[in-house]
Amino acid sequence: MHQAPIVVLFIVFILIAARNILNIKLEIWQIMLGGAVVVMLTGSIKPYEAVSAIDMDVMFFLFGMFVIAQALEKSGYISHISYGLFNRTKNEAQLLLYLLFISGIASAFLMNDTIAIIGTPVVLHLARKHKISSKPLLFALAFGVTTGSMFSPIGNPQNLLIAVKGDFKEPFTVFFEYLFIPTLVSLFTAYLIIRYFYNEDFHKGVLNHSQEPIKDHNLKILSMVSLCIVAVLIILKIFISYTMRDMDFRLTYIAIVGALPVLMFSKKRLKILRDVDWHTLIFFAAMFVLMKSVWNTGLFQKMISTEGLNISSIGSILIIGIVVSQLISNVPLVALYLPILMHTDPSFKNYIALAAGSTLAGNLMILGAASNVIIIQNAEKNHDNAISFIEFIKLGIPLTFVNIAIIYVWLKLLCPF
């Protein structure tokens with residue numbers, strides 16, 4: 001019974017991987033919810049512990065950002081954003097390259113999940129407008145937000161945790177110096193891999209860009225106000241994180257306050273609430289419950305602490321960060337690993353390796369990053385031809401292998417810092 005969550009996690013992985021191959025009529029959120037229900041029914045996690053395991057900060061953050069994304073889409077402002085960002089691209093190859101680097105750089109400062117939520121409708125709009133396959137663009141968004149978030153202490157939650165707990169005096173400078181160059185190289189590598197696997201989907205025709213009219217001017221204004229609020233509050237959180245560390249300023253506040261203009265003043269608030277991606281929210285609630293039950297087994301804590309394994313070497317940190325993040329998620333992995341590094345070898349390079357490994361884990365499999373799930377669930381919700389588990393790892397395995405090689409060679413041999 002003690003190891004039941006490990007078995008359930010394995011079955012969840014198999015079902016998610018095989019659902020497209022075996023034509024299983026189950027969505028990702030339904031499979032994860034089933035896993036959470038099973039570990040509760042087997043007594044692997046108590047009901048009160050299951051409830052407390054759900055990270056309400058993450059849930060409310062996602063809810064608020066989903067509200068803003070719905071407002072952007074229903075107002076028609078999303079097409080204006082896409083036109084402003086991509087109207088200079090002449091063909092699909094340029095569009096793919098622009099998307100990778102724009103989403104990557106944006107995620108470094110607005111957080112990867114934020115860009116995943118806002119970026120998915122942009123990508124689907126571009127694919128429909130130009131009558132091109134959405135899959136290469138969805139991959140570009142997924143790989144872009146994951147890889148780009150690596151070089152910033154606020155690009156994703158695990159980086160922020162490392163920057164704060166690692167007591168970095170100048171976290172932005174340190175992350176930039178150590179990871180900006182390998183991030184750029186990794187983004188371009190993602191471009192080459194997507195082009196290689198989807199070469200037949202790229203046509204030589206010229207893209208015809210046009211700006212579509214706004215559908216709802218009032219909702220457009222509210223959407224713009226919401227985006228501005230989110231940007232200002234993220235800047236405020238950065239300031240508070242490094243100057244007033246005892247002050248509790250949560251991600252929840254950013255998204256909920258940002259969504260208030262839409263929820264309070266839009267006449268379409270009920271339609272927006274109805275169309276919020278509730279399935280993805282259910283997925284994350286269920287995932288927190290299942291991962292907590294897996295965490296309680298102590299199996300992965302024991303694996304990391306195994307004697308004879310040099311867990312403070314850059315190679316070990318990168319490999320453990322990528323592999324274990326697939327099983328217990330990257331934030332719990334970092335929370336477990338940080339104290340170990342603090343007592344063995346608390347060097348900047350080790351902290352940076354932990355940030356890189358736990359972040360690039362998202363490029364390996366769908367469940368390696370929350371942003372992947374957001375993108376794929378949103379695509380499926382819009383009845384788009386979404387990416388399967390097998391398709392993802394077909395690109396994810398070679399990309400992750402090259403990613404790790406780039407980071408390892410840079411940190412061990414080329415990095416001048």
# chains A, B, ... in the order shown; residues from 1 in each chain; ligands from 1
$ residues_around --residues "Ala18 (chain A)" --least-positions-apart "4" --cutoff "12 Å" --atoms "only C-alpha atoms" --output "list in words"
Ile11, Val12, Phe13, Ile14, Leu22, Asn23, Ile24, Lys25, Leu26, Glu27, Ile28, Ile31, Ser388, Phe389, Ile390 and Glu391 of chain A
$ select_by_dssp --residues "region 306-366 of chain A" --states "alpha helix (DSSP H)" --output "number ranges by chain"
A: 314-328, 330-344, 348-360
$ closest_residue --among "A:Ile105, A:Arg19, A:Phe288, A:Leu336" --to "Lys302 (chain A)" --atoms "only C-alpha atoms"
A:Leu336
$ closest_residue --among "A:Leu85, A:Ala285, A:Ile407, A:Ala140" --to "Ile193 (chain A)" --atoms "only C-alpha atoms"
A:Ala140
$ atom_distance --atom1 "CA of Val58 (chain A)" --atom2 "CA of Pro157 (chain A)"
9.9 Å
$ closest_residue --among "A:Leu367, A:Leu192, A:Phe60, A:Glu73" --to "Leu399 (chain A)" --atoms "only C-alpha atoms"
A:Leu192
$ decode --residues "region 230-244 of chain A" --atoms "all heavy atoms" --output "PDB file, in the first residue's frame"
ATOM      1  N   VAL A 230      -0.949  43.310 -14.529  1.00  0.00           N
ATOM      2  CA  VAL A 230      -0.106  42.120 -14.339  1.00  0.00           C
ATOM      3  C   VAL A 230       1.368  42.478 -14.469  1.00  0.00           C
ATOM      4  O   VAL A 230       2.197  42.073 -13.638  1.00  0.00           O
ATOM      5  CB  VAL A 230      -0.491  41.024 -15.364  1.00  0.00           C
ATOM      6  CG1 VAL A 230       0.552  39.914 -15.377  1.00  0.00           C
ATOM      7  CG2 VAL A 230      -1.860  40.444 -15.041  1.00  0.00           C
ATOM      8  N   ALA A 231       1.723  43.262 -15.493  1.00  0.00           N
ATOM      9  CA  ALA A 231       3.125  43.645 -15.708  1.00  0.00           C
ATOM     10  C   ALA A 231       3.659  44.458 -14.536  1.00  0.00           C
ATOM     11  O   ALA A 231       4.774  44.218 -14.043  1.00  0.00           O
ATOM     12  CB  ALA A 231       3.251  44.442 -17.005  1.00  0.00           C
ATOM     13  N   VAL A 232       2.863  45.417 -14.050  1.00  0.00           N
ATOM     14  CA  VAL A 232       3.293  46.266 -12.924  1.00  0.00           C
ATOM     15  C   VAL A 232       3.461  45.430 -11.656  1.00  0.00           C
ATOM     16  O   VAL A 232       4.440  45.597 -10.908  1.00  0.00           O
ATOM     17  CB  VAL A 232       2.280  47.406 -12.694  1.00  0.00           C
ATOM     18  CG1 VAL A 232       2.580  48.128 -11.370  1.00  0.00           C
ATOM     19  CG2 VAL A 232       2.320  48.397 -13.848  1.00  0.00           C
ATOM     20  N   LEU A 233       2.520  44.516 -11.408  1.00  0.00           N
ATOM     21  CA  LEU A 233       2.593  43.700 -10.195  1.00  0.00           C
ATOM     22  C   LEU A 233       3.748  42.706 -10.240  1.00  0.00           C
ATOM     23  O   LEU A 233       4.328  42.374  -9.200  1.00  0.00           O
ATOM     24  CB  LEU A 233       1.265  42.967  -9.981  1.00  0.00           C
ATOM     25  CG  LEU A 233       0.079  43.856  -9.583  1.00  0.00           C
ATOM     26  CD1 LEU A 233      -1.178  43.020  -9.376  1.00  0.00           C
ATOM     27  CD2 LEU A 233       0.386  44.645  -8.307  1.00  0.00           C
ATOM     28  N   ILE A 234       4.091  42.224 -11.425  1.00  0.00           N
ATOM     29  CA  ILE A 234       5.259  41.340 -11.542  1.00  0.00           C
ATOM     30  C   ILE A 234       6.529  42.110 -11.196  1.00  0.00           C
ATOM     31  O   ILE A 234       7.401  41.610 -10.476  1.00  0.00           O
ATOM     32  CB  ILE A 234       5.340  40.736 -12.954  1.00  0.00           C
ATOM     33  CG1 ILE A 234       4.268  39.659 -13.138  1.00  0.00           C
ATOM     34  CG2 ILE A 234       6.728  40.130 -13.211  1.00  0.00           C
ATOM     35  CD1 ILE A 234       4.189  39.073 -14.526  1.00  0.00           C
ATOM     36  N   ILE A 235       6.631  43.333 -11.684  1.00  0.00           N
ATOM     37  CA  ILE A 235       7.781  44.185 -11.347  1.00  0.00           C
ATOM     38  C   ILE A 235       7.822  44.429  -9.839  1.00  0.00           C
ATOM     39  O   ILE A 235       8.887  44.382  -9.206  1.00  0.00           O
ATOM     40  CB  ILE A 235       7.713  45.515 -12.116  1.00  0.00           C
ATOM     41  CG1 ILE A 235       7.893  45.269 -13.620  1.00  0.00           C
ATOM     42  CG2 ILE A 235       8.787  46.490 -11.622  1.00  0.00           C
ATOM     43  CD1 ILE A 235       7.627  46.483 -14.474  1.00  0.00           C
ATOM     44  N   LEU A 236       6.645  44.674  -9.261  1.00  0.00           N
ATOM     45  CA  LEU A 236       6.567  44.892  -7.812  1.00  0.00           C
ATOM     46  C   LEU A 236       6.994  43.649  -7.048  1.00  0.00           C
ATOM     47  O   LEU A 236       7.698  43.744  -6.032  1.00  0.00           O
ATOM     48  CB  LEU A 236       5.139  45.292  -7.427  1.00  0.00           C
ATOM     49  CG  LEU A 236       4.879  45.586  -5.945  1.00  0.00           C
ATOM     50  CD1 LEU A 236       5.752  46.746  -5.462  1.00  0.00           C
ATOM     51  CD2 LEU A 236       3.405  45.900  -5.710  1.00  0.00           C
ATOM     52  N   LYS A 237       6.576  42.474  -7.542  1.00  0.00           N
ATOM     53  CA  LYS A 237       6.974  41.224  -6.875  1.00  0.00           C
ATOM     54  C   LYS A 237       8.481  41.032  -6.927  1.00  0.00           C
ATOM     55  O   LYS A 237       9.087  40.569  -5.951  1.00  0.00           O
ATOM     56  CB  LYS A 237       6.265  40.026  -7.512  1.00  0.00           C
ATOM     57  CG  LYS A 237       6.680  38.698  -6.867  1.00  0.00           C
ATOM     58  CD  LYS A 237       5.860  37.550  -7.344  1.00  0.00           C
ATOM     59  CE  LYS A 237       6.369  36.234  -6.747  1.00  0.00           C
ATOM     60  NZ  LYS A 237       6.335  36.222  -5.283  1.00  0.00           N
ATOM     61  N   ILE A 238       9.082  41.365  -8.067  1.00  0.00           N
ATOM     62  CA  ILE A 238      10.543  41.272  -8.186  1.00  0.00           C
ATOM     63  C   ILE A 238      11.204  42.136  -7.121  1.00  0.00           C
ATOM     64  O   ILE A 238      12.120  41.699  -6.411  1.00  0.00           O
ATOM     65  CB  ILE A 238      11.009  41.725  -9.582  1.00  0.00           C
ATOM     66  CG1 ILE A 238      10.459  40.799 -10.667  1.00  0.00           C
ATOM     67  CG2 ILE A 238      12.534  41.758  -9.665  1.00  0.00           C
ATOM     68  CD1 ILE A 238      10.650  41.327 -12.069  1.00  0.00           C
ATOM     69  N   PHE A 239      10.727  43.366  -7.002  1.00  0.00           N
ATOM     70  CA  PHE A 239      11.301  44.305  -6.033  1.00  0.00           C
ATOM     71  C   PHE A 239      11.146  43.779  -4.609  1.00  0.00           C
ATOM     72  O   PHE A 239      12.098  43.769  -3.817  1.00  0.00           O
ATOM     73  CB  PHE A 239      10.610  45.664  -6.175  1.00  0.00           C
ATOM     74  CG  PHE A 239      11.069  46.678  -5.170  1.00  0.00           C
ATOM     75  CD1 PHE A 239      12.279  47.351  -5.324  1.00  0.00           C
ATOM     76  CD2 PHE A 239      10.280  46.981  -4.063  1.00  0.00           C
ATOM     77  CE1 PHE A 239      12.707  48.281  -4.385  1.00  0.00           C
ATOM     78  CE2 PHE A 239      10.696  47.909  -3.121  1.00  0.00           C
ATOM     79  CZ  PHE A 239      11.912  48.556  -3.288  1.00  0.00           C
ATOM     80  N   ILE A 240       9.952  43.293  -4.293  1.00  0.00           N
ATOM     81  CA  ILE A 240       9.681  42.801  -2.934  1.00  0.00           C
ATOM     82  C   ILE A 240      10.491  41.542  -2.633  1.00  0.00           C
ATOM     83  O   ILE A 240      11.000  41.366  -1.520  1.00  0.00           O
ATOM     84  CB  ILE A 240       8.171  42.533  -2.761  1.00  0.00           C
ATOM     85  CG1 ILE A 240       7.408  43.859  -2.731  1.00  0.00           C
ATOM     86  CG2 ILE A 240       7.898  41.743  -1.485  1.00  0.00           C
ATOM     87  CD1 ILE A 240       5.906  43.705  -2.738  1.00  0.00           C
ATOM     88  N   SER A 241      10.631  40.667  -3.632  1.00  0.00           N
ATOM     89  CA  SER A 241      11.336  39.397  -3.424  1.00  0.00           C
ATOM     90  C   SER A 241      12.774  39.600  -2.979  1.00  0.00           C
ATOM     91  O   SER A 241      13.333  38.780  -2.248  1.00  0.00           O
ATOM     92  CB  SER A 241      11.311  38.564  -4.715  1.00  0.00           C
ATOM     93  OG  SER A 241      10.008  38.198  -5.056  1.00  0.00           O
ATOM     94  N   TYR A 242      13.392  40.706  -3.436  1.00  0.00           N
ATOM     95  CA  TYR A 242      14.811  40.908  -3.147  1.00  0.00           C
ATOM     96  C   TYR A 242      15.102  42.049  -2.188  1.00  0.00           C
ATOM     97  O   TYR A 242      16.252  42.274  -1.834  1.00  0.00           O
ATOM     98  CB  TYR A 242      15.565  41.144  -4.462  1.00  0.00           C
ATOM     99  CG  TYR A 242      15.402  39.998  -5.417  1.00  0.00           C
ATOM    100  CD1 TYR A 242      14.800  40.182  -6.657  1.00  0.00           C
ATOM    101  CD2 TYR A 242      15.818  38.720  -5.070  1.00  0.00           C
ATOM    102  CE1 TYR A 242      14.626  39.125  -7.529  1.00  0.00           C
ATOM    103  CE2 TYR A 242      15.650  37.660  -5.930  1.00  0.00           C
ATOM    104  CZ  TYR A 242      15.062  37.859  -7.152  1.00  0.00           C
ATOM    105  OH  TYR A 242      14.893  36.802  -8.009  1.00  0.00           O
ATOM    106  N   THR A 243      14.068  42.749  -1.741  1.00  0.00           N
ATOM    107  CA  THR A 243      14.284  43.844  -0.777  1.00  0.00           C
ATOM    108  C   THR A 243      13.535  43.635   0.523  1.00  0.00           C
ATOM    109  O   THR A 243      13.999  44.037   1.584  1.00  0.00           O
ATOM    110  CB  THR A 243      13.863  45.204  -1.391  1.00  0.00           C
ATOM    111  OG1 THR A 243      12.481  45.146  -1.770  1.00  0.00           O
ATOM    112  CG2 THR A 243      14.720  45.530  -2.601  1.00  0.00           C
ATOM    113  N   MET A 244      12.356  43.022   0.444  1.00  0.00           N
ATOM    114  CA  MET A 244      11.548  42.781   1.647  1.00  0.00           C
ATOM    115  C   MET A 244      11.104  41.324   1.655  1.00  0.00           C
ATOM    116  O   MET A 244       9.937  41.009   1.411  1.00  0.00           O
ATOM    117  CB  MET A 244      10.339  43.725   1.664  1.00  0.00           C
ATOM    118  CG  MET A 244      10.702  45.195   1.748  1.00  0.00           C
ATOM    119  SD  MET A 244       9.255  46.292   1.683  1.00  0.00           S
ATOM    120  CE  MET A 244       8.887  46.245  -0.080  1.00  0.00           C
TER     121      MET A 244
END
